[in-house]
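Below: one structure, written as structure tokens.
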Amino acid sequence: MNRLQGATALITGGARGLGAQIARRFAEEGARVVVNDLNLDAAEACAEELGGTAIGCDVSDSQAVHEMFELVASSEGRLDILVNNAGISGMEGDDSAQERFREMMEQGASEQAGARPPILDVADVHWQRMFDVHMNGTFYCSREAVRIMCNLGLSDSGGRIINMGSIMGTFGRNGGTAYCSAKAAILGFTRSLAHELAPANIRVNAIAPGFIYTDMTKPFEAMHPQLEAQTPMGRLGDPDDIAWAAVYLASDEAKFMTGQTVSPNGGWYMSQ
Ligand SMILES: NC(=O)c1ccc[n+]([C@@H]2O[C@H](COP(=O)([O-])OP(=O)(O)OC[C@H]3O[C@@H](n4cnc5c(N)ncnc54)[C@H](O)[C@@H]3O)[C@@H](O)[C@H]2O)c1
């Protein structure tokens, strides 16, 4: 308890799933939370529960992000922690894409031989949206956060930026060129920014979750037994498995950690 006392944290995509659980644990640890999401009503409900505030904004919109951080600077007077969590699977609301993905995951290499390469069906608009939300959103929010952290000053704990990667940022999967590339870009960005910001007392780290049960992975429930069987720890993760990693990276316990990727994934993938 109180590991984040006195800190103000902004969590993007914080209305549900991993972001909401991170906001919950941060608030329990004494942080004041600002919950961002595209879905303002859900963000407000989450913020209200935690005694924080909500801001509706699309992180892929540079001007909207600038205005969101201006609002944080004027209303909060400080920003200590940014969690770049907002993300998409790219298959939201698209039943046929979800079905194709399930089929691909279930097929062995021999069944995939001769199949049409999935990249042929990746539309420009799909590719761009994936990078807009994940990579551009992470860049826009980080740039604005650093401006506030440098202008308004930081406590001895310094500034902390936590970027949401994925095991898919290093593990390639069939049909996942856009998502895997966007997450890989975030991991590279994390390392480079960590170098830049160490002299400014701002730590930058990433979390690369394995398969976690949230609304994002719910459409693939039929595959969960298969994923559980492949996972040495025998289960999918739950949002708290990620939230506690975020609390650690945000706390002084991680004061010598920067440029790192922490990967709670039950042992499904051991090569981060
Ligand atoms: N669930 C998993 O298994 C898993 C695994 C690895 C990585 N991740 C990553 O973790 C993050 C959170 O995933 P989740 O499972 O909680 O997903 P989720 O779909 O449950 O929640 C994502 C939230 O982000 C918001 N959002 C989406 N686009 C946005 C935008 N442009 N601007 C602001 N908010 C936006 C959504 O409205 C939603 O509330 C994502 O970056 C995801 O890629 C998830």
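Identifiers in this document derive from the order of the structure tokens: chains are assigned A, B, ..., residues are numbered from 1 separately in each chain, and ligands are numbered from 1 in order of occurrence.
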Once you count only C-alpha atoms and all ligand atoms, what closest atom pair and distance in Å to one decimal does each residue of chain A within 8 Å of ligand 1 have, with rows by chain and rising residue number, as CSV?
residue,atom,partner,partner_atom_place_in_ligand_line,distance
A:Thr12,CA,ligand 1,34 (N),5.9
A:Gly13,CA,ligand 1,24 (O),3.4
A:Gly14,CA,ligand 1,39 (O),5.9
A:Ala15,CA,ligand 1,39 (O),4.6
A:Arg16,CA,ligand 1,39 (O),4.7
A:Gly17,CA,ligand 1,16 (O),3.4
A:Leu18,CA,ligand 1,16 (O),3.8
A:Gly19,CA,ligand 1,16 (O),5.7
A:Ala20,CA,ligand 1,16 (O),7.6
A:Asn36,CA,ligand 1,33 (C),6.4
A:Asp37,CA,ligand 1,34 (N),3.8
A:Leu38,CA,ligand 1,33 (C),4.2
A:Asn39,CA,ligand 1,37 (O),5.3
A:Ala42,CA,ligand 1,39 (O),7.6
A:Ala43,CA,ligand 1,39 (O),7.7
A:Gly56,CA,ligand 1,33 (C),7.4
A:Cys57,CA,ligand 1,33 (C),5.8
A:Asp58,CA,ligand 1,32 (N),3.6
A:Val59,CA,ligand 1,32 (N),4.1
A:Ser60,CA,ligand 1,31 (N),5.3
A:Asp61,CA,ligand 1,31 (N),7.9
A:Asn84,CA,ligand 1,41 (O),7.6
A:Asn85,CA,ligand 1,41 (O),4.7
A:Ala86,CA,ligand 1,24 (O),4.0
A:Gly87,CA,ligand 1,41 (O),3.5
A:Ile88,CA,ligand 1,27 (C),5.4
A:Ser89,CA,ligand 1,43 (O),6.3
A:Asp132,CA,ligand 1,31 (N),7.7
A:Val133,CA,ligand 1,31 (N),4.8
A:His134,CA,ligand 1,41 (O),6.7
A:Gly137,CA,ligand 1,31 (N),7.1
A:Met164,CA,ligand 1,41 (O),5.3
A:Gly165,CA,ligand 1,7 (C),5.7
A:Ser166,CA,ligand 1,6 (C),4.1
A:Ile167,CA,ligand 1,6 (C),6.3
A:Met168,CA,ligand 1,6 (C),7.2
A:Tyr179,CA,ligand 1,43 (O),7.9
A:Lys183,CA,ligand 1,43 (O),7.7
A:Ala208,CA,ligand 1,6 (C),6.1
A:Pro209,CA,ligand 1,6 (C),4.3
A:Gly210,CA,ligand 1,5 (C),5.1
A:Phe211,CA,ligand 1,3 (O),3.7
A:Ile212,CA,ligand 1,3 (O),3.6
A:Tyr213,CA,ligand 1,1 (N),5.8
A:Thr214,CA,ligand 1,15 (O),4.8
A:Asp215,CA,ligand 1,20 (O),4.3
A:Met216,CA,ligand 1,19 (O),4.1
A:Thr217,CA,ligand 1,1 (N),5.6
A:Gly237,CA,ligand 1,3 (O),7.7
A:Pro239,CA,ligand 1,16 (O),7.6
>> Based on the backbone DSSP call, show me all residues of stretch 171-218 of chain A assigned alpha helix (DSSP H), as a list of chain:residue names.
In response: A:Thr177, A:Ala178, A:Tyr179, A:Cys180, A:Ser181, A:Ala182, A:Lys183, A:Ala184, A:Ala185, A:Ile186, A:Leu187, A:Gly188, A:Phe189, A:Thr190, A:Arg191, A:Ser192, A:Leu193, A:Ala194, A:His195, A:Glu196, A:Leu197
With N, CA and C atoms retained, write the just-selected residues as a tab-separated table (two decimals), in the first residue's frame.
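Printed below is result24.tsv as written:
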chain	number	residue	atom	x	y	z
A	177	THR	N	0.55	-9.75	-38.91
A	177	THR	CA	1.63	-8.82	-39.30
A	177	THR	C	1.42	-7.42	-38.72
A	178	ALA	N	0.19	-6.90	-38.79
A	178	ALA	CA	-0.04	-5.52	-38.34
A	178	ALA	C	0.13	-5.42	-36.82
A	179	TYR	N	-0.57	-6.29	-36.07
A	179	TYR	CA	-0.52	-6.22	-34.60
A	179	TYR	C	0.90	-6.49	-34.10
A	180	CYS	N	1.55	-7.55	-34.62
A	180	CYS	CA	2.89	-7.91	-34.14
A	180	CYS	C	3.90	-6.79	-34.45
A	181	SER	N	3.78	-6.17	-35.62
A	181	SER	CA	4.71	-5.09	-35.99
A	181	SER	C	4.50	-3.86	-35.11
A	182	ALA	N	3.23	-3.53	-34.88
A	182	ALA	CA	2.95	-2.35	-34.05
A	182	ALA	C	3.48	-2.56	-32.64
A	183	LYS	N	3.31	-3.77	-32.09
A	183	LYS	CA	3.80	-4.03	-30.73
A	183	LYS	C	5.33	-4.09	-30.70
A	184	ALA	N	5.95	-4.60	-31.76
A	184	ALA	CA	7.41	-4.61	-31.83
A	184	ALA	C	7.94	-3.18	-31.87
A	185	ALA	N	7.25	-2.31	-32.60
A	185	ALA	CA	7.67	-0.90	-32.68
A	185	ALA	C	7.63	-0.26	-31.29
A	186	ILE	N	6.61	-0.60	-30.53
A	186	ILE	CA	6.50	-0.03	-29.17
A	186	ILE	C	7.69	-0.46	-28.30
A	187	LEU	N	8.13	-1.69	-28.46
A	187	LEU	CA	9.27	-2.16	-27.64
A	187	LEU	C	10.55	-1.43	-28.04
A	188	GLY	N	10.75	-1.18	-29.33
A	188	GLY	CA	11.92	-0.41	-29.78
A	188	GLY	C	11.86	1.03	-29.29
A	189	PHE	N	10.68	1.61	-29.37
A	189	PHE	CA	10.46	2.98	-28.90
A	189	PHE	C	10.78	3.08	-27.40
A	190	THR	N	10.37	2.07	-26.66
A	190	THR	CA	10.60	2.05	-25.20
A	190	THR	C	12.10	2.13	-24.90
A	191	ARG	N	12.88	1.31	-25.60
A	191	ARG	CA	14.33	1.28	-25.32
A	191	ARG	C	14.98	2.61	-25.69
A	192	SER	N	14.61	3.16	-26.84
A	192	SER	CA	15.23	4.40	-27.29
A	192	SER	C	14.86	5.56	-26.36
A	193	LEU	N	13.57	5.64	-26.01
A	193	LEU	CA	13.13	6.73	-25.15
A	193	LEU	C	13.76	6.62	-23.75
A	194	ALA	N	13.96	5.39	-23.31
A	194	ALA	CA	14.59	5.19	-22.00
A	194	ALA	C	15.99	5.80	-21.97
A	195	HIS	N	16.72	5.61	-23.08
A	195	HIS	CA	18.04	6.23	-23.18
A	195	HIS	C	17.94	7.75	-23.09
A	196	GLU	N	17.01	8.30	-23.87
A	196	GLU	CA	16.88	9.77	-23.93
A	196	GLU	C	16.51	10.38	-22.60
A	197	LEU	N	15.67	9.66	-21.84
A	197	LEU	CA	15.06	10.29	-20.66
A	197	LEU	C	15.74	9.95	-19.34
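Counting only C-alpha atoms and comparing A:Pro225, A:Leu82, A:Ser157, A:Gly30, the residue that lies closest to A:Phe256 is A:Ser157.
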>> Set the distance at 12 Å and use only C-alpha atoms: which residues neighbour stretch 119-125 of chain A once local chain neighbours fewer than 4 positions away are removed? I'd like the list as a list in words.
In response: Gly90, Met91, Ala97, Arg100, Ala115, Arg129, Met130, Phe131, Asp132, Arg173, Asn174, Gly175, Gly176, Thr177, Ala178 and Tyr179 of chain A
Can you pull out every residue within 6 Å of stretch 6-11 of chain A, counting only C-alpha atoms, but drop anything in the same chain fewer than 5 positions away, and send it as a PDB file with N, CA, C and O atoms, in the first residue's frame?
ATOM      1  N   ALA A  31      -2.166   6.597  -5.740  1.00  0.00           N
ATOM      2  CA  ALA A  31      -2.052   7.535  -6.866  1.00  0.00           C
ATOM      3  C   ALA A  31      -3.399   8.193  -7.156  1.00  0.00           C
ATOM      4  O   ALA A  31      -4.457   7.598  -6.921  1.00  0.00           O
ATOM      5  N   ARG A  32      -3.330   9.402  -7.671  1.00  0.00           N
ATOM      6  CA  ARG A  32      -4.519  10.031  -8.238  1.00  0.00           C
ATOM      7  C   ARG A  32      -4.560   9.624  -9.702  1.00  0.00           C
ATOM      8  O   ARG A  32      -3.561   9.760 -10.413  1.00  0.00           O
ATOM      9  N   VAL A  33      -5.694   9.096 -10.168  1.00  0.00           N
ATOM     10  CA  VAL A  33      -5.721   8.560 -11.533  1.00  0.00           C
ATOM     11  C   VAL A  33      -6.572   9.402 -12.475  1.00  0.00           C
ATOM     12  O   VAL A  33      -7.635   9.901 -12.116  1.00  0.00           O
ATOM     13  N   VAL A  34      -6.049   9.554 -13.686  1.00  0.00           N
ATOM     14  CA  VAL A  34      -6.798  10.168 -14.784  1.00  0.00           C
ATOM     15  C   VAL A  34      -7.011   9.045 -15.796  1.00  0.00           C
ATOM     16  O   VAL A  34      -6.047   8.447 -16.286  1.00  0.00           O
ATOM     17  N   VAL A  35      -8.274   8.727 -16.055  1.00  0.00           N
ATOM     18  CA  VAL A  35      -8.613   7.605 -16.932  1.00  0.00           C
ATOM     19  C   VAL A  35      -8.984   8.138 -18.307  1.00  0.00           C
ATOM     20  O   VAL A  35      -9.954   8.885 -18.460  1.00  0.00           O
ATOM     21  N   ASN A  36      -8.177   7.788 -19.288  1.00  0.00           N
ATOM     22  CA  ASN A  36      -8.498   8.167 -20.685  1.00  0.00           C
ATOM     23  C   ASN A  36      -9.152   6.981 -21.382  1.00  0.00           C
ATOM     24  O   ASN A  36      -8.813   5.828 -21.130  1.00  0.00           O
ATOM     25  N   LEU A  79       2.154  15.629 -13.537  1.00  0.00           N
ATOM     26  CA  LEU A  79       1.950  14.283 -14.076  1.00  0.00           C
ATOM     27  C   LEU A  79       3.221  13.489 -13.784  1.00  0.00           C
ATOM     28  O   LEU A  79       4.321  13.891 -14.160  1.00  0.00           O
ATOM     29  N   ASP A  80       3.074  12.383 -13.076  1.00  0.00           N
ATOM     30  CA  ASP A  80       4.233  11.570 -12.690  1.00  0.00           C
ATOM     31  C   ASP A  80       4.332  10.280 -13.493  1.00  0.00           C
ATOM     32  O   ASP A  80       5.422   9.775 -13.729  1.00  0.00           O
ATOM     33  N   ILE A  81       3.161   9.728 -13.841  1.00  0.00           N
ATOM     34  CA  ILE A  81       3.144   8.393 -14.471  1.00  0.00           C
ATOM     35  C   ILE A  81       2.211   8.402 -15.680  1.00  0.00           C
ATOM     36  O   ILE A  81       1.076   8.905 -15.599  1.00  0.00           O
ATOM     37  N   LEU A  82       2.703   7.875 -16.787  1.00  0.00           N
ATOM     38  CA  LEU A  82       1.854   7.665 -17.970  1.00  0.00           C
ATOM     39  C   LEU A  82       1.867   6.178 -18.297  1.00  0.00           C
ATOM     40  O   LEU A  82       2.950   5.573 -18.399  1.00  0.00           O
ATOM     41  N   VAL A  83       0.694   5.594 -18.478  1.00  0.00           N
ATOM     42  CA  VAL A  83       0.614   4.210 -18.966  1.00  0.00           C
ATOM     43  C   VAL A  83      -0.036   4.245 -20.351  1.00  0.00           C
ATOM     44  O   VAL A  83      -1.215   4.585 -20.489  1.00  0.00           O
TER      45      VAL A  83
END
>> Let's see if you can do this: from backbone DSSP, list all strand (DSSP E or B) residues in stretch 4-180 of chain A, as a PyMOL selection string.
In response: chain A and resi 8-11+32-37+53-56+81-84+159-164
> So what do you get for atom CA of A:Met1 versus atom CA of A:Glu29, distance-wise?
Replying inline: 4.8 Å
>> So the first atom is atom CA of A:Ile207 and the second is atom CA of A:Gly266; what is the distance between them in Å, to one decimal place?
In response: 13.7 Å
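Separating atom CA of A:Ala250 from atom CA of A:Ser155 is a distance of 13.0 Å.
The residue that comes closest to A:Leu154, out of A:Asn201, A:Ser96, A:Ser75, A:Ser142 and on the basis of only C-alpha atoms, is A:Asn201.
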